[in-house]
Every structure is written in structure tokens, then in C-alpha cells.
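Listing of work.cif, mmCIF, C-alpha atoms and all ligand atoms
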data_entry
loop_
_atom_site.label_atom_id
_atom_site.label_comp_id
_atom_site.auth_asym_id
_atom_site.auth_seq_id
_atom_site.Cartn_x
_atom_site.Cartn_y
_atom_site.Cartn_z
CA MET K 1 73.24 159.60 167.40
CA GLN K 2 73.43 158.74 171.08
CA GLN K 3 73.28 161.77 173.38
CA SER K 4 76.01 162.35 175.96
CA PRO K 5 75.28 162.52 179.66
CA PRO K 6 75.14 166.05 181.08
CA LEU K 7 78.53 167.63 181.76
CA GLY K 8 80.10 166.58 185.03
CA SER K 9 78.15 163.33 185.42
CA ALA K 10 79.51 159.79 185.37
CA PRO K 11 78.63 157.72 182.29
CA ALA K 12 75.07 156.65 182.92
CA LEU K 13 73.74 153.13 182.90
CA ALA K 14 70.78 154.40 180.88
CA ASP K 15 73.18 155.30 178.07
CA ASP K 16 74.62 151.77 178.10
CA TYR K 17 71.09 150.42 177.73
CA ALA K 18 70.45 152.91 174.91
CA ALA K 19 73.64 151.84 173.12
CA ARG K 20 72.59 148.20 173.37
CA GLY K 21 69.16 149.03 171.93
CA PHE K 22 67.25 147.83 174.99
CA PRO K 23 63.55 147.75 173.99
CA VAL K 24 61.88 150.08 176.49
CA ARG K 25 58.21 149.44 177.26
CA ALA K 26 56.21 152.50 176.23
CA ASP K 27 53.07 150.95 177.76
CA LEU K 28 54.78 151.21 181.18
CA GLY K 29 55.90 154.82 180.56
CA GLN K 30 59.49 153.59 180.71
CA HIS K 31 62.22 156.26 180.51
CA PHE K 32 65.47 155.82 182.41
CA LEU K 33 67.29 158.58 184.28
CA ARG K 34 70.66 159.38 182.69
CA SER K 35 72.29 161.46 185.39
CA SER K 36 73.21 160.75 188.99
CA GLU K 37 73.37 164.52 189.58
CA SER K 38 69.64 164.78 188.82
CA ALA K 39 68.99 161.87 191.19
CA ARG K 40 70.92 163.62 193.98
CA ARG K 41 68.98 166.82 193.38
CA LEU K 42 65.70 164.92 193.74
CA VAL K 43 66.84 163.26 196.96
CA ASP K 44 67.94 166.64 198.39
CA ARG K 45 64.57 168.12 197.46
CA ALA K 46 62.69 165.23 199.12
CA GLU K 47 63.89 166.23 202.63
CA ILE K 48 63.61 162.65 203.86
CA PRO K 49 63.73 162.32 207.66
CA SER K 50 67.05 160.88 208.83
CA GLY K 51 67.02 157.07 208.61
CA GLY K 52 63.48 157.22 207.23
CA GLN K 53 61.82 154.70 204.96
CA VAL K 54 61.30 155.56 201.30
CA ILE K 55 59.11 153.77 198.78
CA GLU K 56 60.08 154.23 195.14
CA VAL K 57 57.53 153.22 192.53
CA GLY K 58 59.06 152.36 189.16
CA ALA K 59 62.68 151.82 190.12
CA GLY K 60 63.73 151.11 186.52
CA LEU K 61 67.51 150.73 186.27
CA GLY K 62 67.98 151.85 189.87
CA THR K 63 69.76 155.19 189.35
CA LEU K 64 67.45 157.07 191.71
CA SER K 65 67.14 153.97 193.95
CA ALA K 66 70.91 153.77 194.54
CA THR K 67 71.06 157.49 195.33
CA ILE K 68 68.24 157.15 197.89
CA ALA K 69 69.93 154.18 199.57
CA ALA K 70 73.35 155.87 199.49
CA ALA K 71 71.81 158.81 201.36
CA GLY K 72 71.22 156.46 204.32
CA CYS K 73 67.50 155.82 203.80
CA ARG K 74 65.81 152.45 203.97
CA LEU K 75 64.50 151.88 200.47
CA TRP K 76 61.61 149.80 199.17
CA ALA K 77 61.93 149.77 195.39
CA VAL K 78 58.92 148.48 193.45
CA GLU K 79 59.24 147.82 189.72
CA ARG K 80 56.73 146.11 187.48
CA ASP K 81 59.05 145.04 184.64
CA GLU K 82 60.65 141.72 185.53
CA ARG K 83 63.36 142.23 182.88
CA LEU K 84 64.89 144.81 185.26
CA GLN K 85 65.06 142.55 188.32
CA SER K 86 68.68 141.37 187.96
CA GLN K 87 69.87 144.89 187.12
CA LEU K 88 68.19 146.23 190.26
CA GLU K 89 69.58 143.41 192.40
CA GLN K 90 73.05 144.11 191.10
CA ARG K 91 72.76 147.87 191.59
CA LEU K 92 71.28 147.72 195.09
CA GLY K 93 73.15 144.65 196.40
CA GLU K 94 75.78 146.79 198.16
CA PHE K 95 73.12 148.21 200.47
CA GLY K 96 72.15 144.80 201.86
CA GLY K 97 68.96 144.73 203.94
CA ARG K 98 68.59 148.52 203.65
CA ALA K 99 67.28 148.13 200.07
CA ARG K 100 64.34 145.85 199.41
CA ILE K 101 63.16 145.10 195.87
CA THR K 102 59.67 143.97 194.86
CA ILE K 103 59.00 143.08 191.22
CA ASP K 104 55.28 143.56 190.69
CA ASP K 105 52.62 146.07 189.77
CA VAL K 106 52.55 148.36 192.80
CA ARG K 107 48.76 148.12 192.75
CA ARG K 108 49.07 144.42 193.62
CA VAL K 109 51.45 144.98 196.55
CA ASP K 110 50.26 145.09 200.17
CA LEU K 111 51.61 148.54 201.01
CA ASP K 112 50.18 148.64 204.53
CA GLN K 113 52.23 145.58 205.40
CA GLY K 114 55.52 146.86 203.98
CA LEU K 115 55.35 150.55 204.82
CA GLU K 116 56.18 152.03 208.19
CA ALA K 117 54.24 154.98 209.58
CA GLY K 118 55.76 158.23 208.35
CA SER K 119 57.17 156.88 205.08
CA THR K 120 58.02 159.02 202.06
CA LEU K 121 57.36 158.37 198.36
CA VAL K 122 60.28 159.36 196.10
CA SER K 123 59.61 158.33 192.53
CA ILE K 124 59.96 159.00 188.87
CA MET K 125 56.50 157.90 187.85
CA PRO K 126 55.74 156.36 184.43
CA PHE K 127 55.68 159.07 181.75
CA ALA K 128 52.04 158.39 180.95
CA PRO K 129 49.85 161.03 182.66
CA VAL K 130 46.79 158.94 183.56
CA LEU K 131 48.87 155.99 184.79
CA ALA K 132 51.19 158.26 186.80
CA ALA K 133 48.28 160.00 188.54
CA ALA K 134 46.58 156.66 189.24
CA LEU K 135 49.72 155.22 190.83
CA VAL K 136 50.25 158.28 193.05
CA ARG K 137 46.62 158.07 194.23
CA HIS K 138 47.03 154.36 194.86
CA VAL K 139 50.19 154.67 196.95
CA PHE K 140 48.70 157.50 199.02
CA GLY K 141 45.85 155.10 199.78
CA SER K 142 48.13 153.78 202.50
CA PRO K 143 47.83 155.92 205.64
CA ARG K 144 51.46 155.07 206.43
CA LEU K 145 52.70 157.30 203.64
CA VAL K 146 52.86 160.95 204.67
CA ARG K 147 54.58 162.83 201.83
CA GLY K 148 56.02 162.46 198.38
CA LEU K 149 58.47 163.99 195.93
CA VAL K 150 57.57 162.83 192.47
CA VAL K 151 58.64 163.43 188.87
CA MET K 152 55.69 163.13 186.52
CA PRO K 153 54.34 164.56 183.26
CA VAL K 154 52.80 168.00 183.74
CA LEU K 155 49.44 166.60 182.59
CA GLY K 156 49.56 163.92 185.28
CA ALA K 157 50.27 166.54 187.94
CA ASP K 158 47.35 168.60 186.63
CA LEU K 159 45.07 165.56 186.95
CA LEU K 160 46.03 165.23 190.61
CA VAL K 161 45.51 168.94 191.28
CA ALA K 162 42.05 168.79 189.68
CA ASP K 163 41.05 165.72 191.67
CA GLU K 164 39.86 167.21 194.95
CA ALA K 165 38.51 163.84 196.04
CA SER K 166 42.08 162.50 196.25
CA GLY K 167 42.72 164.60 199.37
CA LEU K 168 46.22 165.43 198.10
CA ARG K 169 47.96 168.79 197.97
CA VAL K 170 50.32 168.98 195.00
CA GLU K 171 52.93 171.71 194.68
CA GLU K 172 55.41 172.18 191.85
CA VAL K 173 58.90 172.55 193.33
CA ASP K 174 61.24 172.05 190.39
CA GLY K 175 61.57 171.05 186.77
CA ILE K 176 63.67 168.38 185.12
CA ALA K 177 64.76 168.21 181.49
CA ARG K 178 63.14 165.73 179.13
CA GLU K 179 66.64 164.92 177.84
CA ASP K 180 67.68 163.73 181.30
CA PHE K 181 66.03 160.44 180.34
CA TYR K 182 66.53 157.65 177.83
CA PRO K 183 64.45 157.78 175.76
CA PRO K 184 63.75 161.51 176.21
CA ALA K 185 60.42 162.19 177.91
CA PRO K 186 57.60 162.66 175.39
CA SER K 187 56.17 165.70 177.21
CA VAL K 188 57.10 168.37 179.76
CA LEU K 189 57.89 167.06 183.25
CA ARG K 190 57.33 168.48 186.71
CA VAL K 191 58.90 167.73 190.06
CA VAL K 192 56.08 167.96 192.60
CA ALA K 193 55.86 167.73 196.37
CA ILE K 194 52.75 165.91 197.57
CA GLU K 195 51.13 166.00 200.99
CA ARG K 196 47.72 165.17 202.33
CA SER K 197 45.23 168.00 202.58
CA ARG K 198 43.20 165.87 204.98
CA PRO K 199 43.81 162.62 206.89
CA CYS K 200 43.63 159.35 204.95
CA SER K 201 40.13 157.90 205.26
CA LYS K 202 41.37 154.27 205.43
C1 LIG H 301 59.85 156.90 184.05
S1 LIG H 301 60.38 155.26 184.43
C2 LIG H 301 61.46 155.57 185.82
C3 LIG H 301 62.60 154.59 185.87
C4 LIG H 301 63.69 154.78 186.92
N1 LIG H 301 63.40 155.78 187.91
C5 LIG H 301 65.00 155.04 186.25
O1 LIG H 301 65.35 156.20 186.11
O2 LIG H 301 65.67 154.11 185.81
C6 LIG H 301 58.93 154.57 185.21
C7 LIG H 301 59.10 153.14 185.69
O3 LIG H 301 57.85 152.71 186.27
C8 LIG H 301 57.68 151.33 185.98
N2 LIG H 301 56.25 151.02 186.16
C9 LIG H 301 55.23 151.29 185.30
N3 LIG H 301 54.05 150.89 185.82
C10 LIG H 301 54.31 150.38 187.05
C11 LIG H 301 53.50 149.80 188.08
N4 LIG H 301 52.18 149.68 187.93
N5 LIG H 301 54.09 149.35 189.21
C12 LIG H 301 55.45 149.47 189.36
N6 LIG H 301 56.27 150.00 188.42
C13 LIG H 301 55.72 150.45 187.28
C14 LIG H 301 58.20 151.19 184.56
O4 LIG H 301 58.52 149.86 184.21
C15 LIG H 301 59.43 152.11 184.61
O5 LIG H 301 60.59 151.41 184.96
#
Spell out the structure here as C-alpha cells.
Amino acid sequence: MQQSPPLGSAPALADDYAARGFPVRADLGQHFLRSSESARRLVDRAEIPSGGQVIEVGAGLGTLSATIAAAGCRLWAVERDERLQSQLEQRLGEFGGRARITIDDVRRVDLDQGLEAGSTLVSIMPFAPVLAAALVRHVFGSPRLVRGLVVMPVLGADLLVADEASGLRVEEVDGIAREDFYPPAPSVLRVVAIERSRPCSK
């Protein structure tokens, strides 16, 4: 039976996709956020500088993306799955030039060209611990990114904490329910704030 969105939230796009039996890609750690309230809570937590640029890796159906753009930020949404392109264009069209979409593996994107100095990462990373940690490390390879607020599996966060060579400081700031996603997350999730513990070597 299809689960209902949390009390008080608008019907979620993720639930429409669930009802239509959209085949999610497990290999991409694909789980879609079901509640705009959770998206707003993440954006509040991210403490994005006014008018600042945000990169979102794994924009999915655009629920978090639209909340970031609606908060007045300039958004760069990167999503690998080309099946989601038209959905993202439709969802973010109202924000015009303030929301840019790139459909590609973020590891193939020239981040130094697209990011401005002082940018923030706000993302729900793929729910696959090794992939999530690898993507965070990759994005922080750009010296233009200064901080992040990321949802990821607890194991992925642990991998980052253990990796001293990454030069990242990772702090748990919140939790988020596995049932907030379609399909539900396969393991416990963390909301973590990420900063550099030393300057980027690039
Ligand atoms: C946990 S889902 C988050 C989806 C989105 N935030 C939402 O709620 O609709 C992770 C997303 O990351 C995308 N993804 C996986 N690997 C990626 C990569 N290398 N580059 C960009 N996006 C990727 C997946 O296709 C998926 O949409």
C-alpha cells in the first residue's frame, strides 16, 4: 500500500511517481524526497548566505531544488539520470535564470567553471554510502565550494569522518526519517554539515 505524505504537507510529487510505478535506479542510490517540509528544514539548516550560489548534486524530482530556489538562492542542480530532465525543467522553470540544470555525472562537470567563490553544497546524496562519500569528496575538490549541508547514509558520513586525507570536517546536525523518501531509504540517514579543516590544495 502506498504511504501517505507526512501530516501537514502537500501531496508530494514522489508519491505520484510511486503510484505510477516509476522504476527508480538503485545503482544511482535513487530515493525521492516526499515532503516539502523536510526540504524547507534542510534549507533552513544550511544557513546559505543571502543571494548565495548553491550546488545541488542529485536533484532527482526537484523537491529540494525548488525549495532552494524559492528561498532566493541561485541554484545549480546537477542530476545524472536523463529521465528526470523534463521533470526538473518543469519544476524549476518558474525560477528562470536563477536555476540552472545540468544533466550529467557530477564527476564529469567542470565545477571550477560553474561555481562562484563561496558557494554552498546542499544535497541529498545517493543512498549508497561509498558513492555518496565519493561525490562529496569530488565536489569539495573545487576550492570555490566552502561549506555543505548534506543528507547521506550514516555509513557514508562515517567514511568521510574516517578519511583524514579529505581535509573535511563533518558534523552531524540532524536526522531525517527513512520514510521521508520514495522508496524508503535502505539504511539510517544523517544530515551533516561539512566544512574544510584545511584550505583546498588545488
Ligand atoms: C537520494 S536521491 C535524491 C533525489 C532528490 N533530492 C529528490 O528528493 O528528488 C540521489 C540522486 O542522485 C542522483 N545521482 C546519482 N549519482 C549521481 C552522479 N554521479 N551525479 C549526479 N547525480 C547523481 C540520482 O539519480 C538521484 O536522483
Residue contacts of stretch 13-15 of chain K (7 Å, all atoms listed in the file) excluding same-chain residues fewer than 4 positions away, as a ChimeraX atom specification: /K:19,32-34,182
Contacts of K:Val146 at 10 Å (all atoms listed in the file; same-chain gap of 6+ positions) as an MDAnalysis selection string: chainID K and resid 117:121 140 194:196 199:200
Within 7 Å of K:Glu171 using all atoms listed in the file, minus same-chain residues under 2 positions, as a list in words: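 Once the nearby chain positions are removed, what remains is Arg169, Val173, Val192, Ala193 and Ile194 of chain K.
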Pairwise distance for atom CA of K:Arg74 and atom CA of K:Val54, rounded to one decimal in Å: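 These two atoms are separated by 6.1 Å.
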Atomic separation - atom CA of K:Met125 relative to atom CA of K:Ala165, Å: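 That distance, rounded to one decimal, is 20.6 Å.
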Residues within 6 Å of ligand LIG 301 (chain H), counting all atoms listed in the file, as a PyMOL selection string: chain K and resi 28-33+57-64+78-81+105-106+124-127
Selection file, C-alpha atoms, as a CSV table (one decimal), in the coordinates of the input:
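As a result, result28.csv now contains:
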chain,number,residue,atom,x,y,z
K,28,LEU,CA,54.8,151.2,181.2
K,29,GLY,CA,55.9,154.8,180.6
K,30,GLN,CA,59.5,153.6,180.7
K,31,HIS,CA,62.2,156.3,180.5
K,32,PHE,CA,65.5,155.8,182.4
K,33,LEU,CA,67.3,158.6,184.3
K,57,VAL,CA,57.5,153.2,192.5
K,58,GLY,CA,59.1,152.4,189.2
K,59,ALA,CA,62.7,151.8,190.1
K,60,GLY,CA,63.7,151.1,186.5
K,61,LEU,CA,67.5,150.7,186.3
K,62,GLY,CA,68.0,151.8,189.9
K,63,THR,CA,69.8,155.2,189.4
K,64,LEU,CA,67.4,157.1,191.7
K,78,VAL,CA,58.9,148.5,193.4
K,79,GLU,CA,59.2,147.8,189.7
K,80,ARG,CA,56.7,146.1,187.5
K,81,ASP,CA,59.0,145.0,184.6
K,105,ASP,CA,52.6,146.1,189.8
K,106,VAL,CA,52.6,148.4,192.8
K,124,ILE,CA,60.0,159.0,188.9
K,125,MET,CA,56.5,157.9,187.8
K,126,PRO,CA,55.7,156.4,184.4
K,127,PHE,CA,55.7,159.1,181.8
Cut-off 10 Å around (57.0, 164.8, 186.9) with all atoms listed in the file: residues as a PyMOL selection string: chain K and resi 123-127+129+132+149-157+172+174-176+178+185+187-193
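Distances from K:Gln90, K:Val109, K:Arg45, K:Gly167 to K:Trp76 were compared using only C-alpha atoms, and the smallest one belongs to K:Val109.
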What are the centre and the three edge lengths of an axis-aligned box that wraps all atoms of stretch 190-201 of chain K in the file, given that 4 Å is added to every side, written as JSON and rounded to one decimal in Å?
{"center_x": 49.5, "center_y": 163.2, "center_z": 196.8, "size_x": 26.8, "size_y": 18.6, "size_z": 28.2}
d(atom CA of K:Asp158, atom CA of K:Ile103) in Å: 28.4 Å
Among listed residues K:Ala70, K:Leu115, K:Val170, K:Leu145, nearest K:Gly96 (using all atoms listed in the file): K:Ala70
K:Gly114, K:Ala77, K:Ala39, K:Ala66 ranked by distance to K:Arg91, top pick (using all atoms listed in the file): K:Ala66
Pick from K:Ile55, K:Ala177, K:Ser65, K:Ala12 nearest to K:Val139, counting all atoms listed in the file: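 Nearest candidate to K:Val139 out of K:Ile55, K:Ala177, K:Ser65, K:Ala12: K:Ile55.
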Shortest interatomic distance to K:Asp163 - which of K:Pro183, K:Gly141, K:Ala133, K:Val43, counting only C-alpha atoms: K:Ala133
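Each of K:Ala128, K:Ala18, K:Val161, K:Val122 was compared to K:Asp44 using all atoms listed in the file, and K:Val122 turns out to be the nearest.
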